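Colleague: Shown below is the structure under consideration.
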Amino acid sequence: KAGVTQTPRYLIKTRGQQVTLSCSPISGHRSVSWYQQTPGQGLQFLFEYFSETQRNKGNFPGRFSGRQFSNSRSEMNVSTLELGDSALYLCASSLESASSYEQYFGPGTRLTVT
Amino acid sequence: AQSVAQPEDQVNVAEGNPLTVKCTYSVSGNPYLFWYVQYPNRGLQFLLKYITGDNLVKGSYGFEAEFNKSQTSFHLKKPSALVSDSALYFCAVRVGASGGFKTIFGAGTRLFVKA
């Protein structure tokens, strides 16, 4: 099976702009989670989608949003970018059944805000 | 609050020696525990998990972990370290939250294996 894919791999944006990141989960996986990884804060949970519904949200401002489509692909949007949004954004998918709760991660999108 | 702690920022070990990366957790109910590894400039990879059953679980690349309920620990171990094991290791726990679930990650432990 193909792994989790994320596009684009690298992005450079300026403050105030918005950005959309895309994630395609492993075929058959219905849960998709997003994380922000920075050297200082580690891995921070953004949100989780399951069958097109947001099941959980982390402690991030409303500028961070996401959605999941019927084919389980997910997008994450950040509006009004700030310098502090520079990070590696990781998407992970999970089967979420039969004790298979481990997550499989994509390579990430590295966002740089200038 | 539910949390995961990795008390060591960095672990140094010589190639061929056994290694241990420590993890403790604080959750209500029965924990689902995981270890992930991140190699430089790459995403995280799943190593192993504890859901239920035997306290000693085996995973990829010769790694194993021992679940200790009384000490609320889930330490990662390998009998003989390789230089290629050098990476960033994350312990994680799956918890229920707001009608769904989320995974809480520890801060990570950087493992250096010296030849």
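Note on naming: chains are A, B, ... as they come in the structure tokens, residues start from 1 per chain, ligands start from 1 in the order shown.
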With only C-alpha atoms as the counted atoms, please give the residues lying no more than 9 Å from B:Thr103, apart from itself and same-chain residues fewer than 2 positions off, as a list in words.
Modeller: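 Once the nearby chain positions are removed, what remains is Phe45 of chain A; Ala92, Val93, Arg94, Val95, Gly96, Phe101 and Phe105 of chain B.
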Colleague: Compile the residues of chain B that lie within 6 Å of chain A, evaluated using only C-alpha atoms, and express the compilation as a compact mmCIF listing (two decimals) with C-alpha atoms, in the first residue's frame.
Modeller:
```
# COMPACT_ATOMS: atom_id res chain seq x y z
CA ARG B 42 11.77 12.51 7.75
CA GLY B 43 8.34 11.94 9.23
CA LEU B 44 7.68 9.75 12.21
CA GLY B 100 -13.18 11.08 20.24
CA ALA B 107 8.84 15.78 24.14
```
Colleague: Using Å and a single decimal, report how far atom CA of B:Trp35 sits from atom CA of A:Ser86.
Modeller: 25.8 Å
Colleague: Just the number, please: distance in Å from atom CA of B:Gly108 to atom CA of A:Ile26, one decimal.
Modeller: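 Rounded to one decimal, the two atoms are 25.1 Å apart.
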Colleague: B:Lys114: which residues within 8 Å, counting only C-alpha atoms, same-chain residues fewer than 5 positions away excluded, as a PyMOL selection string?
Modeller: chain B and resi 12-15+83
Colleague: Between B:Val27, B:Ile104, B:Val21, B:Val11, which has the minimum distance to B:Lys69 (counting only C-alpha atoms)?
Modeller: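 For B:Lys69, the nearest of the candidates is B:Val27.
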Colleague: Please list as a ChimeraX atom specification every residue within 6 Å of stretch 10-15 of chain A, counting only C-alpha atoms and excluding residues in the same chain fewer than 5 positions away.
Modeller: /A:81-82,109-114
Colleague: Nearest residue to B:Phe90 out of B:Phe67, B:Phe34, B:Tyr61, B:Tyr25, using only C-alpha atoms?
Modeller: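 Between B:Phe67, B:Phe34, B:Tyr61, B:Tyr25, the residue approaching B:Phe90 most closely is B:Phe34.
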Colleague: Counting only C-alpha atoms, which residue out of A:Asn77, A:Ser27, A:Ser72, A:Thr5 sits closest to A:Glu52?
Modeller: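 Among A:Asn77, A:Ser27, A:Ser72, A:Thr5, it is A:Ser72 that comes nearest to A:Glu52.
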Colleague: Based on DSSP run over this structure's backbone, return all residues of stretch 73-105 of chain B in strand (DSSP E or B), as a ChimeraX atom specification.
Modeller: /B:73-78,87-97,100-105
Colleague: Pick out the residues sitting within 10 Å of B:Tyr39, and hand them over as a ChimeraX atom specification; count only C-alpha atoms, and ignore anything fewer than 5 positions along from it in its own chain.
Modeller: /B:44-45,84-89
Colleague: Keeping only N, CA, C and O atoms, write the selected residues to a file as an mmCIF file, in the first residue's frame.
Modeller:
```cif
data_model
loop_
_atom_site.group_PDB
_atom_site.id
_atom_site.type_symbol
_atom_site.label_atom_id
_atom_site.label_comp_id
_atom_site.auth_asym_id
_atom_site.auth_seq_id
_atom_site.Cartn_x
_atom_site.Cartn_y
_atom_site.Cartn_z
ATOM 1 N N LEU B 44 7.582 10.744 11.160
ATOM 2 C CA LEU B 44 7.676 9.746 12.213
ATOM 3 C C LEU B 44 7.303 8.360 11.691
ATOM 4 O O LEU B 44 6.428 8.224 10.831
ATOM 5 N N GLN B 45 7.961 7.361 12.243
ATOM 6 C CA GLN B 45 7.640 5.976 11.891
ATOM 7 C C GLN B 45 7.206 5.226 13.138
ATOM 8 O O GLN B 45 7.830 5.364 14.197
ATOM 9 N N SER B 84 23.037 3.190 13.291
ATOM 10 C CA SER B 84 21.854 3.595 12.511
ATOM 11 C C SER B 84 20.610 3.792 13.377
ATOM 12 O O SER B 84 19.596 4.276 12.881
ATOM 13 N N ASP B 85 20.672 3.434 14.650
ATOM 14 C CA ASP B 85 19.552 3.694 15.561
ATOM 15 C C ASP B 85 19.510 5.153 16.018
ATOM 16 O O ASP B 85 18.537 5.577 16.650
ATOM 17 N N SER B 86 20.547 5.894 15.719
ATOM 18 C CA SER B 86 20.600 7.304 16.119
ATOM 19 C C SER B 86 19.448 8.059 15.469
ATOM 20 O O SER B 86 19.328 8.107 14.243
ATOM 21 N N ALA B 87 18.599 8.628 16.294
ATOM 22 C CA ALA B 87 17.375 9.277 15.815
ATOM 23 C C ALA B 87 16.682 9.921 17.002
ATOM 24 O O ALA B 87 17.152 9.858 18.137
ATOM 25 N N LEU B 88 15.506 10.507 16.718
ATOM 26 C CA LEU B 88 14.672 11.113 17.752
ATOM 27 C C LEU B 88 13.518 10.165 18.041
ATOM 28 O O LEU B 88 12.804 9.762 17.117
ATOM 29 N N TYR B 89 13.335 9.814 19.284
ATOM 30 C CA TYR B 89 12.320 8.839 19.680
ATOM 31 C C TYR B 89 11.228 9.500 20.501
ATOM 32 O O TYR B 89 11.500 10.266 21.436
#
```
Colleague: Mind giving me the straight-line distance from atom CA of B:Leu111 to atom CA of B:Gln10 in Å, one decimal?
Modeller: 5.8 Å
Colleague: Need to verify the contact set: B:Ala81, 6 Å, only C-alpha atoms, exclusion of same-chain residues closer than 3 positions in sequence. Can you return it as a list in words?
Modeller: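 Here the qualifying residues turn out to be Glu15, Gly16, Asn17 and Pro18 of chain B.
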Colleague: Write out the residues from the selection above, keeping all heavy atoms, as an mmCIF file, in the first residue's frame.
Modeller:
```cif
data_model
loop_
_atom_site.group_PDB
_atom_site.id
_atom_site.type_symbol
_atom_site.label_atom_id
_atom_site.label_comp_id
_atom_site.auth_asym_id
_atom_site.auth_seq_id
_atom_site.Cartn_x
_atom_site.Cartn_y
_atom_site.Cartn_z
ATOM 1 N N GLU B 15 27.951 1.718 20.370
ATOM 2 C CA GLU B 15 27.444 0.652 19.504
ATOM 3 C C GLU B 15 27.718 -0.705 20.141
ATOM 4 O O GLU B 15 28.802 -0.952 20.672
ATOM 5 C CB GLU B 15 28.101 0.734 18.126
ATOM 6 C CG GLU B 15 27.490 -0.221 17.104
ATOM 7 C CD GLU B 15 28.045 -0.012 15.706
ATOM 8 O OE1 GLU B 15 29.247 0.297 15.583
ATOM 9 O OE2 GLU B 15 27.263 -0.157 14.737
ATOM 10 N N GLY B 16 26.715 -1.581 20.105
ATOM 11 C CA GLY B 16 26.849 -2.906 20.684
ATOM 12 C C GLY B 16 26.354 -2.998 22.115
ATOM 13 O O GLY B 16 26.084 -4.105 22.609
ATOM 14 N N ASN B 17 26.239 -1.861 22.766
ATOM 15 C CA ASN B 17 25.725 -1.849 24.141
ATOM 16 C C ASN B 17 24.201 -1.815 24.145
ATOM 17 O O ASN B 17 23.576 -1.351 23.173
ATOM 18 C CB ASN B 17 26.259 -0.648 24.902
ATOM 19 C CG ASN B 17 27.702 -0.852 25.343
ATOM 20 O OD1 ASN B 17 28.295 -1.899 25.073
ATOM 21 N ND2 ASN B 17 28.260 0.133 26.020
ATOM 22 N N PRO B 18 23.573 -2.268 25.237
ATOM 23 C CA PRO B 18 22.114 -2.151 25.327
ATOM 24 C C PRO B 18 21.691 -0.704 25.519
ATOM 25 O O PRO B 18 22.447 0.101 26.064
ATOM 26 C CB PRO B 18 21.775 -2.991 26.565
ATOM 27 C CG PRO B 18 23.028 -3.019 27.370
ATOM 28 C CD PRO B 18 24.160 -2.957 26.392
#
```
Colleague: Rank nothing, just name the residue among B:Asp54, B:Thr109, B:Pro7, B:Lys102 nearest to B:Val37, using only C-alpha atoms.
Modeller: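 Going through B:Asp54, B:Thr109, B:Pro7, B:Lys102 one by one, the smallest distance to B:Val37 is for B:Thr109.
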Colleague: What lies within 6 Å of A:Met76 using only C-alpha atoms, ignoring chain neighbours under 5 positions off, as a VMD selection string?
Modeller: chain A and resid 20 to 21 65 to 66
Colleague: So that I have them on file, write out the residues from the current selection with N, CA, C and O atoms, as a PDB file, in the first residue's frame.
Modeller:
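Writing the result to out_5.pdb gives the following:
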```pdb
ATOM      1  N   THR A  20      -2.831  26.430   2.353  1.00  0.00           N
ATOM      2  CA  THR A  20      -3.585  25.176   2.439  1.00  0.00           C
ATOM      3  C   THR A  20      -2.635  24.016   2.223  1.00  0.00           C
ATOM      4  O   THR A  20      -1.891  23.996   1.239  1.00  0.00           O
ATOM      5  N   LEU A  21      -2.657  23.070   3.144  1.00  0.00           N
ATOM      6  CA  LEU A  21      -1.827  21.877   3.057  1.00  0.00           C
ATOM      7  C   LEU A  21      -2.733  20.678   2.817  1.00  0.00           C
ATOM      8  O   LEU A  21      -3.848  20.622   3.339  1.00  0.00           O
ATOM      9  N   SER A  65      -7.610  25.641  10.622  1.00  0.00           N
ATOM     10  CA  SER A  65      -8.831  24.894  10.358  1.00  0.00           C
ATOM     11  C   SER A  65      -8.521  23.737   9.432  1.00  0.00           C
ATOM     12  O   SER A  65      -7.444  23.677   8.828  1.00  0.00           O
ATOM     13  N   GLY A  66      -9.454  22.837   9.331  1.00  0.00           N
ATOM     14  CA  GLY A  66      -9.229  21.700   8.454  1.00  0.00           C
ATOM     15  C   GLY A  66     -10.537  21.106   7.991  1.00  0.00           C
ATOM     16  O   GLY A  66     -11.629  21.550   8.384  1.00  0.00           O
TER      17      GLY A  66
END
```
